[in-house]
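Asks: Below you'll find final.cif; it's mmCIF, C-alpha atoms and all ligand atoms.
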```cif
data_query
loop_
_atom_site.group_PDB
_atom_site.id
_atom_site.type_symbol
_atom_site.label_atom_id
_atom_site.label_comp_id
_atom_site.auth_asym_id
_atom_site.auth_seq_id
_atom_site.Cartn_x
_atom_site.Cartn_y
_atom_site.Cartn_z
ATOM 1 C CA MET L 1 -75.200 -51.059 -12.273
ATOM 2 C CA ALA L 2 -71.689 -51.470 -13.673
ATOM 3 C CA THR L 3 -71.212 -54.125 -16.315
ATOM 4 C CA ALA L 4 -68.019 -55.716 -17.572
ATOM 5 C CA THR L 5 -68.001 -53.398 -20.617
ATOM 6 C CA ALA L 6 -68.851 -50.170 -18.792
ATOM 7 C CA PRO L 7 -65.960 -47.708 -18.602
ATOM 8 C CA ALA L 8 -64.118 -47.594 -15.290
ATOM 9 C CA GLY L 9 -65.272 -44.002 -14.918
ATOM 10 C CA LEU L 10 -63.515 -40.845 -13.894
ATOM 11 C CA THR L 11 -64.967 -40.502 -10.435
ATOM 12 C CA THR L 12 -62.857 -38.369 -8.097
ATOM 13 C CA THR L 13 -60.580 -40.570 -5.938
ATOM 14 C CA LYS L 14 -61.759 -43.698 -7.813
ATOM 15 C CA ALA L 15 -60.310 -43.364 -11.296
ATOM 16 C CA PRO L 16 -57.736 -46.003 -12.341
ATOM 17 C CA PHE L 17 -56.672 -43.921 -15.369
ATOM 18 C CA ILE L 18 -55.710 -41.031 -13.100
ATOM 19 C CA GLU L 19 -53.884 -43.275 -10.646
ATOM 20 C CA ALA L 20 -51.886 -44.737 -13.524
ATOM 21 C CA ALA L 21 -50.993 -41.271 -14.863
ATOM 22 C CA GLN L 22 -49.905 -40.157 -11.402
ATOM 23 C CA ALA L 23 -47.829 -43.291 -10.930
ATOM 24 C CA LYS L 24 -46.030 -42.483 -14.183
ATOM 25 C CA GLY L 25 -45.450 -38.900 -13.034
ATOM 26 C CA GLU L 26 -47.639 -37.467 -15.799
ATOM 27 C CA LEU L 27 -49.116 -34.202 -14.605
ATOM 28 C CA TYR L 28 -50.431 -32.821 -17.881
ATOM 29 C CA ILE L 29 -52.660 -35.321 -19.653
ATOM 30 C CA THR L 30 -55.246 -35.559 -22.411
ATOM 31 C CA GLN L 31 -58.804 -35.692 -21.148
ATOM 32 C CA PRO L 32 -59.702 -39.381 -21.659
ATOM 33 C CA TYR L 33 -63.255 -38.535 -22.629
ATOM 34 C CA GLU L 34 -64.347 -42.075 -23.491
ATOM 35 C CA LEU L 35 -63.731 -43.117 -19.885
ATOM 36 C CA TYR L 36 -66.588 -41.066 -18.446
ATOM 37 C CA SER L 37 -69.327 -43.413 -17.282
ATOM 38 C CA GLU L 38 -73.056 -42.714 -17.527
ATOM 39 C CA ASP L 39 -72.932 -42.136 -13.766
ATOM 40 C CA ASN L 40 -70.313 -39.423 -14.338
ATOM 41 C CA HIS L 41 -72.504 -37.681 -16.936
ATOM 42 C CA GLU L 42 -75.496 -38.015 -14.642
ATOM 43 C CA ALA L 43 -73.506 -36.367 -11.822
ATOM 44 C CA TRP L 44 -72.668 -33.440 -14.142
ATOM 45 C CA ARG L 45 -76.317 -33.137 -15.223
ATOM 46 C CA ARG L 46 -77.589 -33.049 -11.666
ATOM 47 C CA LEU L 47 -74.951 -30.606 -10.486
ATOM 48 C CA TYR L 48 -75.655 -28.297 -13.401
ATOM 49 C CA ASP L 49 -79.459 -28.482 -13.127
ATOM 50 C CA ARG L 50 -79.580 -27.535 -9.492
ATOM 51 C CA MET L 51 -76.985 -24.765 -9.827
ATOM 52 C CA ALA L 52 -78.629 -23.068 -12.823
ATOM 53 C CA PRO L 53 -81.384 -21.204 -10.896
ATOM 54 C CA ARG L 54 -78.924 -20.221 -8.161
ATOM 55 C CA TRP L 55 -76.519 -18.794 -10.719
ATOM 56 C CA GLU L 56 -79.370 -16.667 -12.067
ATOM 57 C CA GLN L 57 -80.005 -15.355 -8.588
ATOM 58 C CA TYR L 58 -76.560 -15.022 -7.034
ATOM 59 C CA ALA L 59 -73.830 -15.073 -9.692
ATOM 60 C CA ASN L 60 -72.301 -11.902 -11.072
ATOM 61 C CA PRO L 61 -73.396 -10.965 -14.602
ATOM 62 C CA HIS L 62 -69.915 -11.654 -16.074
ATOM 63 C CA PHE L 63 -70.250 -15.270 -15.035
ATOM 64 C CA LEU L 64 -73.729 -15.619 -16.569
ATOM 65 C CA LYS L 65 -72.398 -14.123 -19.783
ATOM 66 C CA GLY L 66 -69.484 -16.575 -19.602
ATOM 67 C CA ILE L 67 -71.793 -19.591 -19.351
ATOM 68 C CA GLU L 68 -73.590 -18.294 -22.410
ATOM 69 C CA ASN L 69 -70.354 -17.593 -24.313
ATOM 70 C CA LEU L 70 -69.050 -21.088 -23.659
ATOM 71 C CA SER L 71 -72.308 -22.780 -24.733
ATOM 72 C CA LEU L 72 -71.582 -25.051 -21.803
ATOM 73 C CA ASP L 73 -73.240 -28.460 -22.087
ATOM 74 C CA ALA L 74 -75.748 -28.909 -19.265
ATOM 75 C CA LYS L 75 -76.298 -32.591 -19.989
ATOM 76 C CA ARG L 76 -72.867 -34.186 -20.406
ATOM 77 C CA VAL L 77 -69.418 -33.643 -18.947
ATOM 78 C CA PRO L 78 -67.853 -31.093 -21.324
ATOM 79 C CA ARG L 79 -64.934 -31.855 -23.583
ATOM 80 C CA LEU L 80 -62.112 -29.439 -22.821
ATOM 81 C CA GLU L 81 -61.432 -28.992 -26.524
ATOM 82 C CA ASP L 82 -65.007 -27.741 -27.020
ATOM 83 C CA VAL L 83 -64.673 -25.371 -24.065
ATOM 84 C CA ASN L 84 -61.397 -24.048 -25.479
ATOM 85 C CA LYS L 85 -62.901 -23.521 -28.905
ATOM 86 C CA PHE L 86 -65.193 -20.918 -27.378
ATOM 87 C CA MET L 87 -62.884 -19.547 -24.704
ATOM 88 C CA ALA L 88 -59.563 -19.090 -26.518
ATOM 89 C CA PRO L 89 -60.841 -16.537 -29.073
ATOM 90 C CA LEU L 90 -62.262 -14.411 -26.242
ATOM 91 C CA THR L 91 -59.307 -14.113 -23.854
ATOM 92 C CA GLY L 92 -56.647 -16.590 -25.005
ATOM 93 C CA PHE L 93 -57.305 -18.804 -21.978
ATOM 94 C CA ARG L 94 -57.357 -22.580 -22.389
ATOM 95 C CA ALA L 95 -58.297 -25.355 -20.005
ATOM 96 C CA LYS L 96 -55.412 -27.825 -19.676
ATOM 97 C CA ALA L 97 -56.183 -31.294 -18.301
ATOM 98 C CA VAL L 98 -54.163 -32.435 -15.289
ATOM 99 C CA SER L 99 -53.956 -35.728 -13.416
ATOM 100 C CA GLY L 100 -54.239 -34.218 -9.948
ATOM 101 C CA TYR L 101 -52.763 -31.637 -7.633
ATOM 102 C CA VAL L 102 -50.541 -29.119 -9.386
ATOM 103 C CA PRO L 103 -47.756 -27.655 -7.203
ATOM 104 C CA ALA L 104 -48.534 -24.014 -6.403
ATOM 105 C CA TYR L 105 -45.930 -22.363 -8.612
ATOM 106 C CA LEU L 106 -46.793 -24.472 -11.662
ATOM 107 C CA PHE L 107 -50.479 -23.713 -11.176
ATOM 108 C CA PHE L 108 -49.855 -19.958 -11.027
ATOM 109 C CA ASP L 109 -47.386 -20.096 -13.883
ATOM 110 C CA CYS L 110 -50.037 -21.731 -16.064
ATOM 111 C CA LEU L 111 -52.211 -18.668 -15.421
ATOM 112 C CA ARG L 112 -49.392 -16.420 -16.577
ATOM 113 C CA ASN L 113 -49.444 -18.401 -19.822
ATOM 114 C CA ARG L 114 -53.235 -18.227 -20.041
ATOM 115 C CA GLU L 115 -53.617 -21.890 -19.227
ATOM 116 C CA PHE L 116 -55.904 -23.217 -16.559
ATOM 117 C CA ALA L 117 -54.926 -26.502 -14.909
ATOM 118 C CA THR L 118 -58.186 -28.428 -14.990
ATOM 119 C CA THR L 119 -59.174 -31.516 -13.056
ATOM 120 C CA VAL L 120 -60.966 -34.035 -15.282
ATOM 121 C CA THR L 121 -62.510 -36.289 -12.645
ATOM 122 C CA ILE L 122 -66.002 -35.635 -11.306
ATOM 123 C CA ARG L 123 -67.398 -36.122 -7.818
ATOM 124 C CA ASP L 124 -69.428 -39.211 -7.010
ATOM 125 C CA ARG L 125 -73.064 -39.010 -8.128
ATOM 126 C CA ALA L 126 -74.190 -40.318 -4.745
ATOM 127 C CA THR L 127 -72.544 -37.483 -2.809
ATOM 128 C CA LEU L 128 -72.909 -34.333 -4.861
ATOM 129 C CA ASP L 129 -72.240 -32.005 -1.960
ATOM 130 C CA TYR L 130 -69.175 -33.832 -0.755
ATOM 131 C CA ARG L 131 -66.110 -32.841 -2.696
ATOM 132 C CA PRO L 132 -62.890 -34.380 -1.387
ATOM 133 C CA GLU L 133 -60.809 -32.376 -3.868
ATOM 134 C CA PRO L 134 -61.383 -30.136 -6.900
ATOM 135 C CA ASP L 135 -63.287 -31.754 -9.727
ATOM 136 C CA ILE L 136 -64.311 -30.859 -13.249
ATOM 137 C CA PHE L 137 -67.539 -29.262 -12.095
ATOM 138 C CA HIS L 138 -65.640 -26.869 -9.838
ATOM 139 C CA ASP L 139 -63.017 -26.148 -12.484
ATOM 140 C CA ILE L 140 -65.174 -25.928 -15.618
ATOM 141 C CA ALA L 141 -68.509 -24.707 -14.254
ATOM 142 C CA GLY L 142 -67.005 -22.652 -11.405
ATOM 143 C CA HIS L 143 -63.767 -21.172 -12.778
ATOM 144 C CA VAL L 144 -63.781 -21.264 -16.545
ATOM 145 C CA PRO L 145 -66.831 -19.063 -17.302
ATOM 146 C CA MET L 146 -64.996 -16.255 -15.489
ATOM 147 C CA HIS L 147 -62.019 -16.702 -17.799
ATOM 148 C CA THR L 148 -64.112 -15.565 -20.771
ATOM 149 C CA ASP L 149 -64.237 -12.069 -19.249
ATOM 150 C CA LYS L 150 -61.399 -9.856 -20.487
ATOM 151 C CA ALA L 151 -60.872 -7.838 -17.309
ATOM 152 C CA PHE L 152 -60.986 -10.932 -15.092
ATOM 153 C CA ALA L 153 -58.623 -12.825 -17.403
ATOM 154 C CA GLU L 154 -56.115 -9.951 -17.256
ATOM 155 C CA ALA L 155 -56.235 -9.990 -13.451
ATOM 156 C CA LEU L 156 -55.492 -13.732 -13.469
ATOM 157 C CA VAL L 157 -52.544 -13.341 -15.830
ATOM 158 C CA ARG L 158 -51.263 -10.496 -13.672
ATOM 159 C CA PHE L 159 -51.501 -12.779 -10.656
ATOM 160 C CA GLY L 160 -49.435 -15.409 -12.478
ATOM 161 C CA GLN L 161 -46.831 -12.721 -13.133
ATOM 162 C CA ALA L 162 -46.796 -11.827 -9.439
ATOM 163 C CA ALA L 163 -45.999 -15.466 -8.630
ATOM 164 C CA LYS L 164 -43.042 -15.312 -11.022
ATOM 165 C CA THR L 165 -41.875 -12.099 -9.381
ATOM 166 C CA ALA L 166 -41.980 -13.921 -6.029
ATOM 167 C CA ALA L 167 -39.859 -16.810 -7.310
ATOM 168 C CA ASP L 168 -37.338 -14.398 -8.867
ATOM 169 C CA LEU L 169 -37.185 -12.246 -5.733
ATOM 170 C CA VAL L 170 -36.408 -15.026 -3.289
ATOM 171 C CA ALA L 171 -33.895 -16.608 -5.654
ATOM 172 C CA GLY L 172 -31.657 -13.616 -4.915
ATOM 173 C CA ILE L 173 -31.537 -14.334 -1.172
ATOM 174 C CA LYS L 174 -28.194 -15.959 -0.348
ATOM 175 C CA ASP L 175 -28.985 -17.390 3.075
ATOM 176 C CA GLU L 176 -30.963 -20.585 2.531
ATOM 177 C CA LYS L 177 -32.905 -20.507 5.791
ATOM 178 C CA GLU L 178 -33.967 -16.925 5.167
ATOM 179 C CA ARG L 179 -34.865 -17.754 1.558
ATOM 180 C CA VAL L 180 -37.212 -20.518 2.703
ATOM 181 C CA ARG L 181 -38.717 -18.359 5.450
ATOM 182 C CA ARG L 182 -39.416 -15.516 3.026
ATOM 183 C CA VAL L 183 -40.839 -17.716 0.287
ATOM 184 C CA ILE L 184 -43.229 -19.317 2.779
ATOM 185 C CA SER L 185 -44.468 -15.923 3.949
ATOM 186 C CA ILE L 186 -44.909 -14.556 0.414
ATOM 187 C CA GLN L 187 -46.588 -17.759 -0.735
ATOM 188 C CA LYS L 188 -49.017 -17.598 2.177
ATOM 189 C CA ALA L 189 -49.919 -14.067 1.135
ATOM 190 C CA LEU L 190 -50.435 -15.155 -2.482
ATOM 191 C CA ALA L 191 -52.518 -18.168 -1.451
ATOM 192 C CA ARG L 192 -54.690 -16.031 0.825
ATOM 193 C CA PHE L 193 -55.202 -13.451 -1.898
ATOM 194 C CA PHE L 194 -56.184 -16.170 -4.373
ATOM 195 C CA TRP L 195 -58.529 -17.739 -1.851
ATOM 196 C CA PHE L 196 -60.376 -14.545 -0.898
ATOM 197 C CA THR L 197 -60.702 -13.320 -4.486
ATOM 198 C CA ILE L 198 -60.568 -15.964 -7.231
ATOM 199 C CA GLU L 199 -61.999 -18.763 -5.090
ATOM 200 C CA PHE L 200 -64.366 -16.961 -2.713
ATOM 201 C CA GLY L 201 -64.677 -13.400 -3.906
ATOM 202 C CA LEU L 202 -67.806 -11.263 -3.805
ATOM 203 C CA MET L 203 -68.442 -8.270 -6.038
ATOM 204 C CA ARG L 204 -70.781 -5.308 -5.972
ATOM 205 C CA GLY L 205 -73.820 -5.908 -8.170
ATOM 206 C CA PRO L 206 -74.592 -3.848 -11.291
ATOM 207 C CA GLY L 207 -74.793 -0.140 -10.518
ATOM 208 C CA GLY L 208 -73.134 -0.774 -7.149
ATOM 209 C CA LYS L 209 -76.336 -2.358 -5.865
ATOM 210 C CA GLY L 210 -76.396 -5.622 -3.927
ATOM 211 C CA ILE L 211 -73.700 -8.271 -3.810
ATOM 212 C CA LYS L 212 -72.964 -11.069 -6.261
ATOM 213 C CA ALA L 213 -70.584 -14.036 -6.197
ATOM 214 C CA TYR L 214 -67.629 -14.315 -8.563
ATOM 215 C CA GLY L 215 -65.417 -16.747 -6.629
ATOM 216 C CA SER L 216 -65.383 -20.239 -8.095
ATOM 217 C CA GLY L 217 -65.743 -21.995 -4.765
ATOM 218 C CA LEU L 218 -69.030 -20.162 -4.350
ATOM 219 C CA LEU L 219 -70.154 -20.582 -7.953
ATOM 220 C CA SER L 220 -69.697 -24.358 -7.795
ATOM 221 C CA SER L 221 -71.373 -24.922 -4.425
ATOM 222 C CA PHE L 222 -75.140 -25.330 -4.283
ATOM 223 C CA GLY L 223 -75.265 -24.570 -0.564
ATOM 224 C CA GLU L 224 -72.629 -21.892 -0.209
ATOM 225 C CA ILE L 225 -73.665 -19.678 -3.117
ATOM 226 C CA GLU L 226 -76.880 -18.920 -1.257
ATOM 227 C CA HIS L 227 -75.262 -18.865 2.183
ATOM 228 C CA CYS L 228 -72.562 -16.370 1.147
ATOM 229 C CA ILE L 229 -75.135 -13.797 0.028
ATOM 230 C CA GLU L 230 -78.111 -14.448 2.312
ATOM 231 C CA SER L 231 -76.746 -15.609 5.658
ATOM 232 C CA PRO L 232 -76.667 -12.985 8.412
ATOM 233 C CA ILE L 233 -73.701 -14.721 10.053
ATOM 234 C CA VAL L 234 -71.314 -14.194 7.137
ATOM 235 C CA GLN L 235 -69.063 -11.157 7.566
ATOM 236 C CA ARG L 236 -68.761 -9.319 4.245
ATOM 237 C CA TYR L 237 -66.358 -6.406 3.990
ATOM 238 C CA PRO L 238 -64.926 -4.229 1.251
ATOM 239 C CA VAL L 239 -61.637 -5.847 0.315
ATOM 240 C CA GLN L 240 -58.563 -4.608 2.189
ATOM 241 C CA LEU L 241 -55.284 -6.004 0.986
ATOM 242 C CA GLU L 242 -53.510 -5.727 4.345
ATOM 243 C CA TRP L 243 -56.303 -7.760 5.910
ATOM 244 C CA VAL L 244 -56.495 -10.395 3.174
ATOM 245 C CA VAL L 245 -52.789 -11.268 3.204
ATOM 246 C CA ASN L 246 -52.826 -11.737 6.971
ATOM 247 C CA GLN L 247 -56.124 -13.594 7.259
ATOM 248 C CA TYR L 248 -56.044 -17.370 7.762
ATOM 249 C CA PHE L 249 -58.745 -19.530 6.213
ATOM 250 C CA GLU L 250 -60.091 -23.040 6.549
ATOM 251 C CA ILE L 251 -61.104 -24.995 3.495
ATOM 252 C CA ASP L 252 -63.565 -27.500 4.904
ATOM 253 C CA LYS L 253 -66.450 -25.270 5.967
ATOM 254 C CA TYR L 254 -68.614 -22.462 4.637
ATOM 255 C CA GLN L 255 -66.530 -19.315 4.742
ATOM 256 C CA PRO L 256 -67.459 -17.042 7.667
ATOM 257 C CA LEU L 257 -65.615 -14.016 6.243
ATOM 258 C CA LEU L 258 -65.660 -12.767 2.659
ATOM 259 C CA PHE L 259 -64.335 -9.708 0.849
ATOM 260 C CA ILE L 260 -66.036 -7.562 -1.774
ATOM 261 C CA VAL L 261 -64.374 -5.996 -4.819
ATOM 262 C CA ASP L 262 -65.968 -3.216 -6.860
ATOM 263 C CA SER L 263 -65.053 -4.599 -10.281
ATOM 264 C CA PHE L 264 -62.459 -6.726 -12.073
ATOM 265 C CA ASP L 265 -60.462 -3.602 -12.855
ATOM 266 C CA HIS L 266 -60.353 -3.123 -9.103
ATOM 267 C CA LEU L 267 -59.169 -6.725 -8.748
ATOM 268 C CA PHE L 268 -56.455 -6.117 -11.352
ATOM 269 C CA ASP L 269 -55.222 -3.080 -9.428
ATOM 270 C CA LEU L 270 -55.149 -5.100 -6.214
ATOM 271 C CA VAL L 271 -52.897 -7.697 -7.833
ATOM 272 C CA GLY L 272 -50.573 -4.895 -8.900
ATOM 273 C CA GLN L 273 -50.518 -3.582 -5.352
ATOM 274 C CA LEU L 274 -49.865 -7.066 -4.012
ATOM 275 C CA GLU L 275 -46.836 -7.388 -6.277
ATOM 276 C CA GLN L 276 -45.599 -3.946 -5.269
ATOM 277 C CA TRP L 277 -45.860 -4.835 -1.590
ATOM 278 C CA MET L 278 -43.963 -8.035 -2.301
ATOM 279 C CA LYS L 279 -41.124 -6.041 -3.860
ATOM 280 C CA GLU L 280 -41.098 -3.666 -0.889
ATOM 281 C CA GLY L 281 -40.805 -6.568 1.577
ATOM 282 C CA LYS L 282 -44.270 -6.045 3.031
ATOM 283 C CA LEU L 283 -45.193 -9.691 2.503
ATOM 284 C CA ASP L 284 -42.109 -11.065 4.240
ATOM 285 C CA ASN L 285 -43.755 -11.349 7.640
ATOM 286 C CA VAL L 286 -47.453 -12.078 7.181
ATOM 287 C CA SER L 287 -49.295 -13.650 10.086
ATOM 288 C CA PRO L 288 -48.737 -17.369 10.606
ATOM 289 C CA GLY L 289 -51.501 -19.949 10.304
ATOM 290 C CA GLU L 290 -53.508 -21.400 7.454
ATOM 291 C CA PRO L 291 -52.873 -22.234 4.774
ATOM 292 C CA GLU L 292 -50.112 -24.619 5.683
ATOM 293 C CA LEU L 293 -47.912 -25.024 2.629
ATOM 294 C CA SER L 294 -46.711 -28.434 1.561
ATOM 295 C CA GLU L 295 -43.048 -29.082 0.940
ATOM 296 C CA THR L 296 -43.904 -29.618 -2.727
ATOM 297 C CA ASP L 297 -45.518 -26.183 -2.967
ATOM 298 C CA VAL L 298 -42.563 -24.423 -1.360
ATOM 299 C CA LYS L 299 -40.099 -26.361 -3.489
ATOM 300 C CA SER L 300 -42.019 -25.430 -6.649
ATOM 301 C CA PHE L 301 -41.298 -21.742 -5.967
ATOM 302 C CA LEU L 302 -37.676 -22.309 -5.018
ATOM 303 C CA ASP L 303 -37.045 -24.466 -8.101
ATOM 304 C CA ALA L 304 -38.629 -21.888 -10.403
ATOM 305 C CA GLY L 305 -36.418 -19.147 -8.950
ATOM 306 C CA ALA L 306 -33.312 -21.298 -9.259
ATOM 307 C CA ARG L 307 -34.080 -21.980 -12.952
ATOM 308 C CA ALA L 308 -34.446 -18.313 -13.844
HETATM 309 FE FE FE F 401 -60.659 -23.531 -7.480
#
```
Show me the file's structure as C-alpha cells.
Replies:
Amino acid sequence: MATATAPAGLTTTKAPFIEAAQAKGELYITQPYELYSEDNHEAWRRLYDRMAPRWEQYANPHFLKGIENLSLDAKRVPRLEDVNKFMAPLTGFRAKAVSGYVPAYLFFDCLRNREFATTVTIRDRATLDYRPEPDIFHDIAGHVPMHTDKAFAEALVRFGQAAKTAADLVAGIKDEKERVRRVISIQKALARFFWFTIEFGLMRGPGGKGIKAYGSGLLSSFGEIEHCIESPIVQRYPVQLEWVVNQYFEIDKYQPLLFIVDSFDHLFDLVGQLEQWMKEGKLDNVSPGEPELSETDVKSFLDAGARA
C-alpha cells in the first residue's frame, strides 16, 4: 500500500514527474531513478522472470548474447547509465531517457547518432500484459539487447541515415502540397519497414534451421513471442521489400503476418535497398492505410529537411 513517503512511482500513464516534464516541453530527460516505487521494481521482476524461459526458447541467439553482455538486472528496473556502460563499448549505442512520444524524425535521427530514445516509465504491476504505450521493459529488455550486436547496430544506424535522406529529398520539392504528399508516402514506407523488421521481425535460426524472434515487440511480449513462432494461423514469409512497404499493420493485436530475414547483414542490405528505392521515387506512392501519421510526425520530417 502507498504511504505518504513512498515515491509517486513511474507507472506508465500515471507518473507526475513525466507529466511535469511534458508540460515543460522537455523531451530528453534524466532517468529519475529514485522515483521508481517498489511496485515498479516488482513489475520489472515479474516481467523479466516470466520472459526468461521464453527468450531461451524463441529469441534469436544475438539477443541472448545481448542480455548476457548487458548483465541486465533481473530484479530491479535498470539504470540507463549501467546499461550504457556495457553497451557503448560494444557498438557505441546509448539509451537516452525521454519523457514520452518522440516525433518520428527525431526518433530515427537518434538512431543515426547511435542513441536510442528510451521510455523510463513501466507498465502497471496489476496489468502486465496490457501496455498502453511503450515502457522501459519494451525498450530496455526488448530493444536494447539487440543494440549490442554489431551487425544489427549498423543496420539501425543505416536506417537512421535513410530517414535523413528522406527529409533531404522532400525538402527539394517546391510545391508544398506535393512535398507533403511525398513525405507521407515515404514515411509510411519507413514506418512499415521499421515495424516488420525492428519491431516484429523474425530471423532464420542458426544454420538456417527453424525461426527465431528478433523484433522487440515480440521479445517483450510474453504471449506473442510464443504465438509468432508456434501458431499455425500466423503467416510467415521470407521478407520482400516491395511487400513490406505496401503492407498496412495494426498495433493493437497479435500480428497475423510476419517477415523473415536471413541475417542482420541481410537486414542491412535491405535498408540500403529501401534508401535506393526512395531516391528512385519508388516509395512515392505506397499503398494507403495504416499507419496513419500524426501531424507532429509529418512536421518532424519537413522541419528537418528545411533545416538542412
Ligand atoms: Fe519498440
Asks: Which value, in Å to one decimal, gives the distance between atom CA of Ile122 of chain L and atom CA of Thr296 of chain L?
Replies: 24.5 Å
Asks: Starting from the displayed file, determine the output of the PyMOL selection byres (((chain L and resi 172-182) around 12) and not hetatm) and express the residue list as a VMD selection string.
Replies: chain L and resid 165 to 171 183 to 189 278 to 279 281 to 286 288 293 295 297 to 303 305 to 308
Asks: Please write the residues from the selection above to a file, keeping C-alpha atoms, as a compact mmCIF listing (two decimals), keeping the file's coordinate frame.
Replies:
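Here's the written file selection_22.txt:
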```
# COMPACT_ATOMS: atom_id res chain seq x y z
CA THR L 165 -41.88 -12.10 -9.38
CA ALA L 166 -41.98 -13.92 -6.03
CA ALA L 167 -39.86 -16.81 -7.31
CA ASP L 168 -37.34 -14.40 -8.87
CA LEU L 169 -37.18 -12.25 -5.73
CA VAL L 170 -36.41 -15.03 -3.29
CA ALA L 171 -33.90 -16.61 -5.65
CA VAL L 183 -40.84 -17.72 0.29
CA ILE L 184 -43.23 -19.32 2.78
CA SER L 185 -44.47 -15.92 3.95
CA ILE L 186 -44.91 -14.56 0.41
CA GLN L 187 -46.59 -17.76 -0.74
CA LYS L 188 -49.02 -17.60 2.18
CA ALA L 189 -49.92 -14.07 1.14
CA MET L 278 -43.96 -8.04 -2.30
CA LYS L 279 -41.12 -6.04 -3.86
CA GLY L 281 -40.80 -6.57 1.58
CA LYS L 282 -44.27 -6.04 3.03
CA LEU L 283 -45.19 -9.69 2.50
CA ASP L 284 -42.11 -11.06 4.24
CA ASN L 285 -43.76 -11.35 7.64
CA VAL L 286 -47.45 -12.08 7.18
CA PRO L 288 -48.74 -17.37 10.61
CA LEU L 293 -47.91 -25.02 2.63
CA GLU L 295 -43.05 -29.08 0.94
CA ASP L 297 -45.52 -26.18 -2.97
CA VAL L 298 -42.56 -24.42 -1.36
CA LYS L 299 -40.10 -26.36 -3.49
CA SER L 300 -42.02 -25.43 -6.65
CA PHE L 301 -41.30 -21.74 -5.97
CA LEU L 302 -37.68 -22.31 -5.02
CA ASP L 303 -37.04 -24.47 -8.10
CA GLY L 305 -36.42 -19.15 -8.95
CA ALA L 306 -33.31 -21.30 -9.26
CA ARG L 307 -34.08 -21.98 -12.95
CA ALA L 308 -34.45 -18.31 -13.84
```
Asks: What is the distance between atom CA of Ala20 of chain L and atom CA of Ser99 of chain L, in Å to one decimal?
Replies: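 If I compute the distance from atom CA of Ala20 of chain L to atom CA of Ser99 of chain L, I get 9.2 Å.
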Asks: Around ligand FE 401 (chain F), out to 7 Å and counting all atoms listed in the file, which residues are there? I want them as a list in words.
Replies: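 Within the 7 Å cut-off, the matching residues are Pro134, His138, Asp139, His143, Glu199, Ser216 and Gly217 of chain L.
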Asks: Please work out which residues fall within 6 Å of (-49.5, -16.9, -14.4), coordinates as given in the file, with all atoms listed in the file counting, and return them as an mmCIF file with C-alpha atoms, in the coordinates of the input.
Replies:
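Generated output (result.cif):
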```
data_model
loop_
_atom_site.group_PDB
_atom_site.id
_atom_site.type_symbol
_atom_site.label_atom_id
_atom_site.label_comp_id
_atom_site.auth_asym_id
_atom_site.auth_seq_id
_atom_site.Cartn_x
_atom_site.Cartn_y
_atom_site.Cartn_z
ATOM 1 C CA PHE L 108 -49.855 -19.958 -11.027
ATOM 2 C CA ASP L 109 -47.386 -20.096 -13.883
ATOM 3 C CA CYS L 110 -50.037 -21.731 -16.064
ATOM 4 C CA LEU L 111 -52.211 -18.668 -15.421
ATOM 5 C CA ARG L 112 -49.392 -16.420 -16.577
ATOM 6 C CA ASN L 113 -49.444 -18.401 -19.822
ATOM 7 C CA VAL L 157 -52.544 -13.341 -15.830
ATOM 8 C CA PHE L 159 -51.501 -12.779 -10.656
ATOM 9 C CA GLY L 160 -49.435 -15.409 -12.478
ATOM 10 C CA GLN L 161 -46.831 -12.721 -13.133
#
```
Asks: Smallest atom-to-atom distance to Ile229 of chain L: which of L:Gln22, L:Ala59, L:Pro145, L:Asn246, using only C-alpha atoms?
Replies: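 The answer is L:Ala59, which sits nearest to Ile229 of chain L.
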Asks: So which residues touch Ser220 of chain L within 10 Å, counting all atoms listed in the file, skipping near sequence neighbours fewer than 3 positions away, as a PyMOL selection string?
Replies: chain L and resi 47-48+51+55+129+135+137-143+199+215-217+223-225
Asks: Atom CA of Ala117 of chain L and atom CA of Arg54 of chain L are how many Å apart?
Replies: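 So the two atoms, atom CA of Ala117 of chain L and atom CA of Arg54 of chain L, lie 25.7 Å apart.
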Asks: Just checking: using only C-alpha atoms, which residue out of L:Glu250, L:Glu290, L:Glu38, L:Glu242 ends up closest to Leu274 of chain L?
Replies: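 Ranking L:Glu250, L:Glu290, L:Glu38, L:Glu242 by distance to Leu274 of chain L, first place goes to L:Glu242.
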Asks: Neighbouring residues of Asp252 of chain L were defined as those with any atom within 10 Å, considering all atoms listed in the file; residues of the same chain fewer than 2 positions away were excluded. Please report them as a list in words.
Replies: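 Contacts, in chain order: Arg131, Pro132, Phe249, Glu250, Tyr254 and Gln255 of chain L.
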Asks: Using the chain letters and numbers from the file, which residues does the PyMOL selection byres (((chain L and resi 116) around 8) and not hetatm) grab, as a list of chain:residue names?
Replies: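 Answer for the PyMOL selection byres (((chain L and resi 116) around 8) and not hetatm): L:Phe93, L:Arg94, L:Ala95, L:Lys96, L:Phe107, L:Cys110, L:Leu111, L:Arg114, L:Glu115, L:Ala117, L:Thr118.
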Asks: Go ahead and save the picked residues with C-alpha atoms, as a JSON list (two decimals), in the coordinates of the input.
Replies:
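As written to disk, result_21.json reads:
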```json
[["chain", "number", "residue", "atom", "x", "y", "z"],
["L", 93, "PHE", "CA", -57.30, -18.80, -21.98],
["L", 94, "ARG", "CA", -57.36, -22.58, -22.39],
["L", 95, "ALA", "CA", -58.30, -25.36, -20.00],
["L", 96, "LYS", "CA", -55.41, -27.82, -19.68],
["L", 107, "PHE", "CA", -50.48, -23.71, -11.18],
["L", 110, "CYS", "CA", -50.04, -21.73, -16.06],
["L", 111, "LEU", "CA", -52.21, -18.67, -15.42],
["L", 114, "ARG", "CA", -53.24, -18.23, -20.04],
["L", 115, "GLU", "CA", -53.62, -21.89, -19.23],
["L", 117, "ALA", "CA", -54.93, -26.50, -14.91],
["L", 118, "THR", "CA", -58.19, -28.43, -14.99]]
```
Asks: Counting only C-alpha atoms, figure out which residue out of L:Leu106, L:His227, L:His147, L:Ile67 gets nearest to Pro89 of chain L.
Replies: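 Nearest to Pro89 of chain L: L:His147.
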Asks: Kindly resolve the PyMOL selection byres (((chain L and resi 259) around 10) and not hetatm) on the present coordinates and return the residues as a PyMOL selection string.
Replies: chain L and resi 196-197+200-203+235-241+243-244+257-258+260-261
Asks: In terms of the shortest atom-to-atom distance over only C-alpha atoms, which of L:Lys65, L:Arg79, L:Arg204, L:Lys209 is closest to Thr148 of chain L?
Replies: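 Result for the nearest residue to Thr148 of chain L: L:Lys65.
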